[in-house]
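K.L.:
Sharing query.tsv (TSV, C-alpha atoms) below.
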```
chain	number	residue	atom	x	y	z
A	219	MET	CA	3.00	-1.80	17.83
A	220	LYS	CA	6.14	-1.43	19.94
A	221	ARG	CA	9.05	0.46	18.50
A	222	ASP	CA	12.74	0.41	19.36
A	223	THR	CA	13.91	3.98	19.85
A	224	ALA	CA	17.67	3.43	20.10
A	225	ASP	CA	19.74	6.09	18.44
A	226	ALA	CA	20.63	4.98	14.92
A	227	GLU	CA	23.48	7.40	14.45
A	228	ASN	CA	26.05	5.71	16.64
A	229	GLY	CA	24.31	2.65	18.08
A	230	ASP	CA	24.39	4.10	21.63
A	231	ALA	CA	21.39	3.52	23.84
A	232	ILE	CA	18.93	6.33	24.46
A	233	GLN	CA	16.18	6.65	27.02
A	234	ASP	CA	12.80	5.19	25.96
A	235	GLY	CA	10.26	5.76	28.68
A	236	GLY	CA	13.03	5.36	31.28
A	237	THR	CA	14.34	2.10	29.83
A	238	GLN	CA	17.60	1.82	27.95
A	239	VAL	CA	17.57	0.02	24.60
A	240	ARG	CA	20.84	-1.11	23.08
A	241	ALA	CA	21.54	-3.01	19.88
A	242	LYS	CA	23.29	-6.35	20.28
A	243	PRO	CA	24.80	-8.72	17.76
A	244	VAL	CA	22.44	-11.49	16.70
A	245	ALA	CA	24.96	-13.93	15.29
A	246	GLU	CA	24.44	-16.79	17.71
A	247	SER	CA	23.49	-19.07	14.81
A	248	ALA	CA	26.36	-17.95	12.58
A	249	ALA	CA	29.07	-20.49	11.81
A	250	THR	CA	31.79	-17.86	11.46
A	251	PRO	CA	32.96	-15.45	14.13
A	252	SER	CA	32.64	-11.72	13.53
A	253	SER	CA	36.43	-11.35	13.70
A	254	ARG	CA	36.83	-12.91	10.25
A	255	PRO	CA	37.72	-10.53	7.39
A	256	ILE	CA	34.90	-9.15	5.28
A	257	GLU	CA	36.11	-11.08	2.23
A	258	ASP	CA	35.25	-14.34	3.99
A	259	LEU	CA	31.73	-13.19	4.80
A	260	LEU	CA	30.65	-11.69	1.47
A	261	VAL	CA	29.05	-14.32	-0.77
A	262	SER	CA	29.39	-14.10	-4.54
A	263	ALA	CA	26.81	-15.20	-7.09
A	264	GLU	CA	28.90	-18.27	-7.93
A	265	SER	CA	29.47	-19.33	-4.35
A	266	GLU	CA	27.89	-22.53	-3.09
A	267	VAL	CA	27.59	-20.97	0.36
A	268	ARG	CA	24.02	-19.96	1.07
A	269	PRO	CA	23.88	-16.45	2.55
A	270	THR	CA	22.00	-15.80	5.75
A	271	LEU	CA	21.44	-12.17	4.78
A	272	SER	CA	20.76	-10.49	1.42
A	273	VAL	CA	21.16	-6.71	1.16
A	274	VAL	CA	19.39	-5.28	-1.90
A	275	MET	CA	19.93	-1.77	-3.27
A	276	PRO	CA	18.44	-0.32	-6.48
A	277	THR	CA	20.82	2.15	-8.10
A	278	MET	CA	20.63	4.76	-10.83
A	279	ASN	CA	23.77	6.88	-11.02
A	280	GLU	CA	24.69	6.67	-7.33
A	281	GLU	CA	28.49	6.78	-7.66
A	282	GLU	CA	28.66	9.61	-5.12
A	283	GLY	CA	27.03	7.63	-2.33
A	284	ILE	CA	27.35	3.92	-2.99
A	285	GLU	CA	30.80	3.50	-1.44
A	286	THR	CA	29.59	4.97	1.84
A	287	CYS	CA	26.61	2.60	1.78
A	288	LEU	CA	28.91	-0.35	1.09
A	289	ASP	CA	31.14	0.69	4.01
A	290	TRP	CA	28.09	0.70	6.28
A	291	ILE	CA	26.97	-2.70	5.01
A	292	GLU	CA	30.41	-4.17	5.66
A	293	ASP	CA	30.33	-2.81	9.21
A	294	ALA	CA	27.00	-4.53	9.74
A	295	VAL	CA	28.20	-7.81	8.23
A	296	LEU	CA	31.31	-7.83	10.42
A	297	GLU	CA	29.17	-7.21	13.50
A	298	LEU	CA	26.76	-9.99	12.61
A	299	GLY	CA	29.39	-12.41	11.36
A	300	VAL	CA	26.99	-14.15	8.97
A	301	PRO	CA	27.41	-14.99	5.26
A	302	THR	CA	25.94	-12.07	3.33
A	303	GLU	CA	25.32	-11.19	-0.29
A	304	ILE	CA	25.03	-7.60	-1.50
A	305	ILE	CA	22.84	-7.28	-4.60
A	306	VAL	CA	22.92	-4.03	-6.54
A	307	SER	CA	20.04	-3.77	-9.01
A	308	ASP	CA	21.57	-1.25	-11.37
A	309	SER	CA	20.30	0.99	-14.18
A	310	SER	CA	23.18	3.47	-14.12
A	311	THR	CA	25.17	5.23	-16.80
A	312	ASP	CA	27.98	6.26	-14.43
A	313	ARG	CA	30.56	4.24	-12.44
A	314	THR	CA	28.09	2.89	-9.89
A	315	PRO	CA	28.15	-0.77	-11.07
A	316	ASP	CA	31.96	-0.79	-11.37
A	317	ILE	CA	32.36	0.49	-7.81
A	318	ALA	CA	29.88	-2.10	-6.54
A	319	ARG	CA	31.66	-5.00	-8.28
A	320	GLN	CA	35.04	-3.88	-6.98
A	321	ARG	CA	33.64	-4.00	-3.44
A	322	GLY	CA	32.31	-7.54	-3.80
A	323	ALA	CA	28.68	-6.80	-4.60
A	324	ILE	CA	26.62	-8.80	-7.05
A	325	VAL	CA	25.43	-6.44	-9.81
A	326	VAL	CA	22.28	-7.32	-11.73
A	327	GLU	CA	20.72	-5.28	-14.53
A	328	PRO	CA	16.90	-5.26	-14.65
A	329	ASP	CA	15.50	-5.74	-18.14
A	330	GLU	CA	12.70	-3.23	-17.53
A	331	LYS	CA	12.47	0.22	-16.00
A	332	GLY	CA	11.07	1.23	-12.63
A	333	TYR	CA	12.00	1.49	-8.96
A	334	GLY	CA	9.71	-1.34	-7.97
A	335	TYR	CA	10.80	-3.57	-10.82
A	336	ALA	CA	14.44	-3.09	-9.84
A	337	TYR	CA	13.63	-4.43	-6.39
A	338	ARG	CA	11.48	-7.31	-7.63
A	339	TYR	CA	14.16	-8.32	-10.13
A	340	ALA	CA	16.77	-8.45	-7.38
A	341	PHE	CA	14.46	-10.17	-4.88
A	342	ASP	CA	14.01	-13.04	-7.34
A	343	GLN	CA	17.74	-13.66	-7.15
A	344	ALA	CA	18.23	-13.09	-3.43
A	345	ARG	CA	19.07	-16.27	-1.51
A	346	GLY	CA	19.23	-15.07	2.09
A	347	ASP	CA	16.88	-16.09	4.87
A	348	TYR	CA	16.61	-12.39	5.70
A	349	ILE	CA	16.45	-9.57	3.14
A	350	VAL	CA	17.34	-5.94	3.71
A	351	MET	CA	16.30	-3.22	1.29
A	352	GLY	CA	17.42	0.39	1.15
A	353	ASP	CA	18.49	3.19	-1.17
A	354	ALA	CA	22.15	3.61	-2.12
A	355	ASP	CA	22.19	7.39	-1.68
A	356	THR	CA	23.46	7.52	1.97
A	357	THR	CA	20.06	8.46	3.36
A	358	TYR	CA	19.88	5.15	5.27
A	359	ASP	CA	22.70	4.00	7.52
A	360	PHE	CA	23.09	0.30	6.70
A	361	SER	CA	25.39	-0.20	9.67
A	362	GLN	CA	22.16	-0.28	11.69
A	363	ILE	CA	21.07	-3.56	10.08
A	364	PRO	CA	21.94	-5.52	13.26
A	365	ARG	CA	19.45	-3.41	15.24
A	366	LEU	CA	16.67	-4.20	12.78
A	367	LEU	CA	17.53	-7.89	12.74
A	368	GLU	CA	17.71	-8.09	16.52
A	369	HIS	CA	14.34	-6.39	16.83
A	370	LEU	CA	12.81	-8.75	14.27
A	371	GLU	CA	14.05	-11.81	16.14
A	372	ALA	CA	13.09	-10.43	19.55
A	373	THR	CA	9.51	-9.61	18.52
A	374	GLY	CA	8.91	-12.48	16.09
A	375	ALA	CA	7.96	-9.94	13.46
A	376	ASP	CA	7.80	-10.66	9.74
A	377	MET	CA	9.20	-7.23	8.85
A	378	VAL	CA	11.00	-4.43	10.64
A	379	MET	CA	11.03	-0.92	9.18
A	380	GLY	CA	13.28	1.98	10.00
A	381	SER	CA	11.03	4.87	11.04
A	382	ARG	CA	12.36	8.27	10.05
A	383	LEU	CA	9.40	10.15	11.49
A	384	GLU	CA	9.90	8.63	14.96
A	385	GLY	CA	13.66	8.97	14.74
A	386	GLU	CA	15.80	11.89	13.61
A	387	ILE	CA	15.73	13.61	10.24
A	388	LYS	CA	18.96	15.48	9.56
A	389	PRO	CA	18.71	19.06	8.26
A	390	GLY	CA	18.22	19.02	4.49
A	391	ALA	CA	17.53	15.29	4.37
A	392	MET	CA	13.78	15.61	3.71
A	393	PRO	CA	11.77	18.53	2.29
A	394	THR	CA	9.54	20.20	4.88
A	395	LEU	CA	6.44	19.41	2.81
A	396	HIS	CA	7.32	15.70	2.85
A	397	GLN	CA	8.22	15.63	6.53
A	398	TYR	CA	5.17	17.35	7.98
A	399	ILE	CA	2.46	16.82	5.36
A	400	GLY	CA	3.21	14.32	2.60
A	401	ASN	CA	4.61	11.32	4.48
A	402	PRO	CA	2.41	11.63	7.60
A	403	LEU	CA	-0.74	12.05	5.49
A	404	LEU	CA	0.05	9.14	3.17
A	405	THR	CA	0.86	7.00	6.21
A	406	LYS	CA	-2.51	7.84	7.80
A	407	PHE	CA	-4.30	6.87	4.59
A	408	LEU	CA	-2.44	3.58	4.40
A	409	ASN	CA	-3.05	2.75	8.05
A	410	ALA	CA	-6.77	3.51	7.73
A	411	PHE	CA	-7.22	1.46	4.56
A	412	TYR	CA	-4.94	-1.48	5.29
A	413	ASP	CA	-4.55	-1.72	9.09
A	414	ALA	CA	-0.77	-1.48	8.81
A	415	ASP	CA	-0.27	0.50	12.07
A	416	VAL	CA	3.05	2.04	11.09
A	417	SER	CA	4.45	5.51	11.72
A	418	ASP	CA	6.42	5.91	8.48
A	419	ALA	CA	4.88	3.87	5.66
A	420	HIS	CA	7.28	5.14	3.02
A	421	SER	CA	10.56	4.53	4.72
A	422	GLY	CA	12.72	2.55	2.30
A	423	PHE	CA	14.91	0.90	4.97
A	424	ARG	CA	13.33	-2.48	5.70
A	425	LEU	CA	14.35	-5.95	6.84
A	426	PHE	CA	12.05	-8.94	6.41
A	427	ARG	CA	12.00	-12.71	6.39
A	428	ARG	CA	12.28	-14.45	3.06
A	429	ASP	CA	9.06	-16.42	3.60
A	430	ALA	CA	7.21	-13.15	4.28
A	431	LEU	CA	8.27	-11.88	0.86
A	432	ASP	CA	6.70	-14.94	-0.76
A	433	GLU	CA	3.35	-14.09	0.86
A	434	LEU	CA	3.30	-10.52	-0.44
A	435	ALA	CA	3.10	-11.37	-4.19
A	436	LEU	CA	4.43	-7.93	-5.16
A	437	GLN	CA	3.59	-6.72	-8.67
A	438	THR	CA	4.16	-2.98	-9.11
A	439	ASP	CA	7.06	-1.48	-11.05
A	440	GLY	CA	7.09	2.17	-9.95
A	441	MET	CA	7.52	4.21	-6.79
A	442	GLU	CA	4.23	2.86	-5.43
A	443	PHE	CA	6.14	-0.36	-4.73
A	444	ALA	CA	6.94	1.02	-1.26
A	445	SER	CA	3.23	1.36	-0.52
A	446	GLU	CA	2.34	-1.99	-2.08
A	447	MET	CA	4.68	-3.87	0.25
A	448	ILE	CA	3.08	-2.41	3.40
A	449	MET	CA	-0.45	-2.63	1.98
A	450	ALA	CA	0.00	-6.30	1.15
A	451	ALA	CA	1.60	-6.98	4.54
A	452	GLY	CA	-1.36	-5.37	6.29
A	453	ALA	CA	-3.88	-7.25	4.16
A	454	GLU	CA	-2.09	-10.54	4.88
A	455	ASP	CA	-1.94	-9.76	8.63
A	456	LEU	CA	1.85	-9.93	8.69
A	457	HIS	CA	3.54	-8.64	11.84
A	458	ILE	CA	5.30	-5.32	11.16
A	459	GLU	CA	7.56	-3.65	13.72
A	460	GLU	CA	9.52	-0.40	13.55
A	461	VAL	CA	12.86	0.87	14.82
A	462	ALA	CA	13.62	4.58	15.05
A	463	ILE	CA	16.45	5.59	12.70
A	464	VAL	CA	18.41	8.64	11.64
A	465	TYR	CA	17.65	9.82	8.11
A	466	HIS	CA	20.65	11.44	6.43
A	467	GLU	CA	21.00	13.92	3.60
A	468	ARG	CA	21.40	12.16	0.29
A	469	GLU	CA	24.47	12.19	-1.93
A	470	GLY	CA	23.82	12.70	-5.63
A	471	GLU	CA	20.87	14.00	-7.60
A	472	GLU	CA	17.31	13.65	-6.30
A	473	THR	CA	15.10	11.48	-8.56
A	474	LEU	CA	11.80	11.71	-6.65
A	475	GLU	CA	9.04	13.91	-8.12
A	476	SER	CA	6.94	14.91	-5.13
A	477	PHE	CA	3.46	15.48	-6.55
A	478	ARG	CA	3.57	12.88	-9.32
A	479	ASP	CA	4.93	10.13	-7.07
A	480	GLY	CA	2.68	11.16	-4.19
A	481	TRP	CA	-0.38	10.91	-6.43
A	482	ARG	CA	0.75	7.49	-7.65
A	483	HIS	CA	0.82	6.29	-4.04
A	484	VAL	CA	-2.66	7.70	-3.30
A	485	ARG	CA	-4.13	6.32	-6.52
A	486	PHE	CA	-2.64	2.90	-5.87
A	487	MET	CA	-4.02	2.82	-2.33
A	488	LEU	CA	-7.52	3.78	-3.48
A	489	VAL	CA	-7.67	1.43	-6.46
A	490	ASN	CA	-6.69	-1.49	-4.25
A	491	ALA	CA	-9.25	-0.67	-1.55
A	492	PRO	CA	-12.62	-0.71	-3.37
A	493	ALA	CA	-14.47	-0.73	-0.05
A	494	TYR	CA	-13.16	2.78	0.71
A	495	LEU	CA	-13.32	3.99	-2.89
A	496	PHE	CA	-16.75	2.58	-3.84
A	497	SER	CA	-18.64	0.49	-1.31
A	498	ILE	CA	-18.64	2.71	1.77
A	499	PRO	CA	-19.28	6.04	-0.07
A	500	GLY	CA	-21.95	4.36	-2.20
A	501	LEU	CA	-23.76	2.81	0.75
A	502	LEU	CA	-23.68	6.07	2.69
A	503	LEU	CA	-25.00	8.10	-0.24
A	504	GLY	CA	-27.71	5.54	-0.99
A	505	ALA	CA	-28.82	5.34	2.65
A	506	PHE	CA	-28.96	9.13	2.88
A	507	GLY	CA	-30.99	9.32	-0.32
A	508	LEU	CA	-33.49	6.70	0.86
A	509	LEU	CA	-33.86	8.51	4.18
A	510	VAL	CA	-34.61	11.83	2.47
A	511	MET	CA	-37.09	10.16	0.10
A	512	SER	CA	-38.83	8.40	2.99
A	513	ILE	CA	-39.23	11.62	4.96
A	514	ALA	CA	-40.38	13.60	1.93
A	515	GLY	CA	-42.76	10.88	0.74
A	516	SER	CA	-44.34	10.32	4.16
A	517	GLY	CA	-44.94	14.00	4.87
A	518	VAL	CA	-43.22	13.78	8.26
A	519	THR	CA	-41.90	17.11	9.48
A	520	VAL	CA	-38.34	17.51	10.74
A	521	SER	CA	-37.96	20.28	13.35
A	522	GLY	CA	-41.15	21.79	12.01
A	523	VAL	CA	-39.92	21.68	8.41
A	524	SER	CA	-41.82	19.64	5.80
A	525	LEU	CA	-39.78	18.21	2.92
A	526	GLY	CA	-41.41	18.50	-0.49
A	527	VAL	CA	-40.87	17.51	-4.10
A	528	ASN	CA	-37.51	19.22	-4.42
A	529	SER	CA	-36.16	17.26	-1.46
A	530	MET	CA	-37.61	14.11	-3.01
A	531	ILE	CA	-35.69	14.83	-6.23
A	532	ALA	CA	-32.46	15.30	-4.27
A	533	GLY	CA	-33.08	12.08	-2.36
A	534	SER	CA	-33.73	10.20	-5.60
A	535	LEU	CA	-30.48	11.43	-7.10
A	536	PHE	CA	-28.50	10.45	-4.00
A	537	THR	CA	-30.13	7.01	-4.01
A	538	ILE	CA	-29.38	6.32	-7.67
A	539	VAL	CA	-25.83	7.65	-7.55
A	540	GLY	CA	-25.11	5.80	-4.29
A	541	TYR	CA	-26.46	2.58	-5.75
A	542	GLN	CA	-24.29	2.96	-8.84
A	543	ILE	CA	-21.13	3.69	-6.84
A	544	ALA	CA	-21.73	0.75	-4.49
A	545	SER	CA	-22.24	-1.49	-7.54
A	546	LEU	CA	-18.78	-0.52	-8.75
A	547	GLY	CA	-17.39	-1.83	-5.45
A	548	VAL	CA	-18.95	-5.24	-6.15
A	549	PHE	CA	-17.63	-5.22	-9.73
A	550	ALA	CA	-14.13	-4.29	-8.54
A	551	ALA	CA	-14.10	-7.05	-5.92
A	552	VAL	CA	-15.23	-9.68	-8.45
A	553	ALA	CA	-13.38	-8.63	-11.61
A	554	GLY	CA	-10.19	-7.30	-10.08
A	555	ASP	CA	-7.73	-8.62	-7.56
A	556	PRO	CA	-7.51	-5.79	-5.02
A	557	ILE	CA	-5.09	-6.03	-2.15
A	558	ARG	CA	-7.84	-5.14	0.33
A	559	THR	CA	-11.18	-6.69	-0.66
A	560	PRO	CA	-14.40	-5.08	0.65
A	561	THR	CA	-15.40	-6.44	4.05
A	562	ASP	CA	-18.70	-4.66	4.67
A	563	PRO	CA	-21.51	-7.21	5.09
A	564	ILE	CA	-23.58	-6.02	2.10
A	565	THR	CA	-20.76	-6.11	-0.44
A	566	ARG	CA	-19.35	-9.34	0.99
A	567	THR	CA	-22.77	-11.02	0.81
A	568	LEU	CA	-23.24	-9.88	-2.77
A	569	VAL	CA	-19.78	-11.05	-3.82
A	570	GLU	CA	-20.09	-14.43	-2.15
A	571	ASN	CA	-23.71	-15.21	-3.05
A	572	VAL	CA	-24.44	-13.22	-6.19
A	573	SER	CA	-25.94	-15.03	-9.17
A	574	LEU	CA	-27.56	-13.88	-12.36
A	575	GLU	CA	-30.91	-15.40	-11.42
A	576	TRP	CA	-30.88	-13.97	-7.92
A	577	GLY	CA	-29.92	-10.47	-8.99
A	578	ALA	CA	-32.25	-10.40	-11.99
A	579	THR	CA	-35.16	-11.54	-9.81
A	580	ILE	CA	-34.57	-8.76	-7.27
A	581	GLY	CA	-34.24	-6.25	-10.11
A	582	LEU	CA	-37.48	-7.42	-11.72
A	583	LEU	CA	-39.33	-7.11	-8.40
A	584	VAL	CA	-38.11	-3.53	-7.84
A	585	PHE	CA	-38.78	-2.67	-11.47
A	586	GLY	CA	-42.24	-4.22	-11.19
A	587	VAL	CA	-43.17	-2.19	-8.12
A	588	GLY	CA	-42.08	1.01	-9.86
A	589	THR	CA	-43.88	0.07	-13.06
A	590	VAL	CA	-47.16	-0.66	-11.26
A	591	ALA	CA	-46.95	2.68	-9.44
A	592	ALA	CA	-46.10	4.51	-12.65
A	593	GLY	CA	-48.92	2.67	-14.44
A	594	GLY	CA	-51.36	4.01	-11.87
A	595	LEU	CA	-50.15	7.53	-12.62
A	596	VAL	CA	-50.58	6.97	-16.36
A	597	TYR	CA	-54.12	5.70	-15.72
A	598	GLN	CA	-54.94	8.83	-13.73
A	599	TRP	CA	-53.54	10.97	-16.52
A	600	ALA	CA	-55.63	9.17	-19.15
A	601	ALA	CA	-58.77	9.28	-16.97
A	602	SER	CA	-58.39	13.05	-16.61
A	603	GLY	CA	-58.36	13.48	-20.37
A	604	PHE	CA	-54.59	13.78	-20.51
A	605	ILE	CA	-54.64	17.02	-18.59
A	606	PRO	CA	-51.13	17.76	-17.24
A	607	LEU	CA	-50.80	16.41	-13.73
A	608	GLY	CA	-48.71	17.97	-10.99
A	609	PHE	CA	-45.39	16.31	-10.23
A	610	THR	CA	-45.70	14.36	-6.98
A	611	THR	CA	-43.40	12.55	-4.59
A	612	SER	CA	-45.22	9.33	-5.48
A	613	ALA	CA	-44.31	9.77	-9.14
A	614	LEU	CA	-40.65	10.36	-8.33
A	615	GLY	CA	-40.59	7.33	-6.03
A	616	ALA	CA	-42.01	5.17	-8.84
A	617	PHE	CA	-39.48	6.41	-11.38
A	618	THR	CA	-36.61	5.88	-8.94
A	619	ALA	CA	-37.71	2.28	-8.43
A	620	ILE	CA	-37.83	1.73	-12.19
A	621	VAL	CA	-34.27	3.09	-12.64
A	622	VAL	CA	-32.83	1.08	-9.73
A	623	GLY	CA	-34.64	-2.07	-10.91
A	624	LEU	CA	-33.24	-1.75	-14.43
A	625	GLN	CA	-29.76	-1.09	-13.05
A	626	THR	CA	-30.01	-4.24	-10.94
A	627	ILE	CA	-31.14	-6.42	-13.84
A	628	PHE	CA	-28.41	-5.34	-16.24
A	629	SER	CA	-25.77	-5.20	-13.49
A	630	SER	CA	-26.57	-8.83	-12.67
A	631	PHE	CA	-25.94	-9.86	-16.27
A	632	PHE	CA	-22.69	-7.88	-16.35
A	633	LEU	CA	-21.57	-9.29	-13.02
A	634	SER	CA	-22.20	-12.85	-14.19
A	635	MET	CA	-20.08	-12.18	-17.27
A	636	ILE	CA	-17.04	-10.84	-15.41
A	637	ALA	CA	-17.31	-13.48	-12.68
A	638	GLU	CA	-16.84	-16.36	-15.13
```
Here is a file; write its structure as structure tokens.
P.N.:
Amino acid sequence: MKRDTADAENGDAIQDGGTQVRAKPVAESAATPSSRPIEDLLVSAESEVRPTLSVVMPTMNEEEGIETCLDWIEDAVLELGVPTEIIVSDSSTDRTPDIARQRGAIVVEPDEKGYGYAYRYAFDQARGDYIVMGDADTTYDFSQIPRLLEHLEATGADMVMGSRLEGEIKPGAMPTLHQYIGNPLLTKFLNAFYDADVSDAHSGFRLFRRDALDELALQTDGMEFASEMIMAAGAEDLHIEEVAIVYHEREGEETLESFRDGWRHVRFMLVNAPAYLFSIPGLLLGAFGLLVMSIAGSGVTVSGVSLGVNSMIAGSLFTIVGYQIASLGVFAAVAGDPIRTPTDPITRTLVENVSLEWGATIGLLVFGVGTVAAGGLVYQWAASGFIPLGFTTSALGAFTAIVVGLQTIFSSFFLSMIAE
């Protein structure tokens, strides 16, 4: 992914590998020149003029910073010279909505709570071909919108994000824990799970095409909305680009709760990636367990060490637990609607070809093998006059097959129920 590293503080070009990058107006298709007054470019909710650009800001008591954000937006609109609507999705108890209305913004009031819901509520009413989102607390400089839009058009991207971590973070703008641990770590998780290839997954300053929004099918209401958008974009193979930005210190009271909101992001990423949560760990555990059981049951020595009954017990436990965890990955892929469905060949084959008859047959075969082996042990016990027999690796192998066979039979019935 290529990233524009122009300085976002003043729009001046900076050196990027020896090449200068400078933002340019992208208003070639605009019908109105940029010299027109801002009143002629801002589109109201009642206007029949369709806006080219929609700027969406969720607000909750942001009266200290919203005017600065509106000033920046107006600078961007004048530079672009395109019809623009500003939508403030407000849940405030202070003067925030009054200030926004006085400045020509469209104020909507979500009928439910949540950061994500505030955005989704406003997105439903946005009419622009391009949509910009960002917080109204002065952390993001909206006057840099032309840079994001130019980069989107130049690269053909579906979305352009402002990267704080590749740009400049002003002193006091972001806690040290967030800057060096929280955001980089969450971004690495998201990139690994969803192939997003971004440097700052939780930057809230984003510009995207309207048709890209329709493909994302966003559903979350809380702070995890920021992750959901990038996760869905990665899963849908949308083209994401980044532009380095300056991240400013916020005006007003901080509403983010670091550990609670961070955990919500991690939980949301895991729940929507059953391959990483269930399938891969389960398959690895099961394979390891079968390997240990095979070595212990065959009597093969490893580096001169012979594995015995205790190793066989450990291998059996790993096999059963791994099988159960991997089964949950299949259930999650069939019953749920995860953003990233499992793509490993075993899980995919099971999901695409599973049937009650097929699964029950396999389960009965495994159960039958274990039962025959266990029956032989019972016969030996009876033939010896029911004298206690020593616990053997063969006995544990038979019992493991019985457990796995029963799991497969009943899992097949359960899977057929949730698949209908």
K.L.:
In Å to one decimal, how far is CA of Gly385 (chain A) from CA of Gly346 (chain A)?
P.N.:
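The value is 27.7 Å.
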K.L.:
Using only C-alpha atoms, which residue out of A:Val587, A:Val306, A:Ala419, A:Val552 lies closest to Val622 (chain A)?
P.N.:
A:Val587
K.L.:
Which one of A:Trp576, A:Phe411, A:Trp481, A:Phe536 sits closest to Leu508 (chain A) if you count only C-alpha atoms?
P.N.:
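When distances to Leu508 (chain A) are compared using only C-alpha atoms, the smallest one comes from A:Phe536.
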K.L.:
Quick one: of A:Leu574, A:Val621, A:Ser602, A:Val416, who's nearest to Ala637 (chain A), counting all atoms listed in the file?
P.N.:
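Of A:Leu574, A:Val621, A:Ser602, A:Val416, the one nearest Ala637 (chain A) is A:Leu574, counting all atoms listed in the file.
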K.L.:
Counting all atoms listed in the file, write as an NGL selection string all protein and nucleic acid residues lying at most 12 Å from (30.4, -6.0, 9.4) in the file's frame.
P.N.:
:A and (243 or 245 or 251-260 or 271 or 288-302 or 360-364)
K.L.:
Need to verify the contact set: Pro328 (chain A), 8 Å, only C-alpha atoms, exclusion of same-chain residues closer than 5 positions in sequence. Can you return it as a CSV table (one decimal) with C-alpha atoms, in the frame of the given file?
P.N.:
```csv
chain,number,residue,atom,x,y,z
A,307,SER,CA,20.0,-3.8,-9.0
A,308,ASP,CA,21.6,-1.2,-11.4
A,309,SER,CA,20.3,1.0,-14.2
A,335,TYR,CA,10.8,-3.6,-10.8
A,336,ALA,CA,14.4,-3.1,-9.8
A,339,TYR,CA,14.2,-8.3,-10.1
A,340,ALA,CA,16.8,-8.4,-7.4
```
K.L.:
At what distance in Å, to one decimal, does CA of Pro499 (chain A) lie from CA of Gly586 (chain A)?
P.N.:
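Result for CA of Gly586 (chain A) versus CA of Pro499 (chain A): 27.5 Å, one decimal.
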K.L.:
What does the structure give for the distance between CA of His466 (chain A) and CA of Asp312 (chain A), in Å to one decimal?
P.N.:
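Between CA of His466 (chain A) and CA of Asp312 (chain A) the gap works out to 22.7 Å.
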K.L.:
Pick from A:Phe506, A:Phe407, A:Tyr358, A:Tyr494: nearest to Ser381 (chain A), with all atoms listed in the file counted?
P.N.:
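With all atoms listed in the file as the atom set, the closest residue is A:Tyr358.
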K.L.:
Using all atoms listed in the file, which residues sit within 12 Å of Trp599 (chain A) once same-chain residues fewer than 6 positions away are excluded, as a PyMOL selection string?
P.N.:
chain A and resi 592-593+605-609+613
K.L.:
Pick the closest to Val267 (chain A) from A:Glu303, A:Ser421, A:Ala544, A:Gly283: which is it, counting only C-alpha atoms?
P.N.:
A:Glu303
K.L.:
Taking into account all atoms listed in the file, which residue in the set A:Arg485, A:Lys388, A:His396, A:Arg382 is nearest to Ser417 (chain A)?
P.N.:
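Among A:Arg485, A:Lys388, A:His396, A:Arg382, it is A:Arg382 that comes nearest to Ser417 (chain A).
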K.L.:
Please write as a PyMOL selection string the list of polymer residues whose atoms come within 12 Å of (-46.7, 12.0, -6.9), counting only C-alpha atoms and keeping to the coordinates of the file.
P.N.:
chain A and resi 514-516+526-528+530-531+591-592+594-596+598-599+607-618
K.L.:
Within 10 Å of Thr579 (chain A), counting all atoms listed in the file, which residues show up once you throw out same-chain ones fewer than 6 positions away? Write them as a PyMOL selection string, please.
P.N.:
chain A and resi 573+585+623+626-627+630
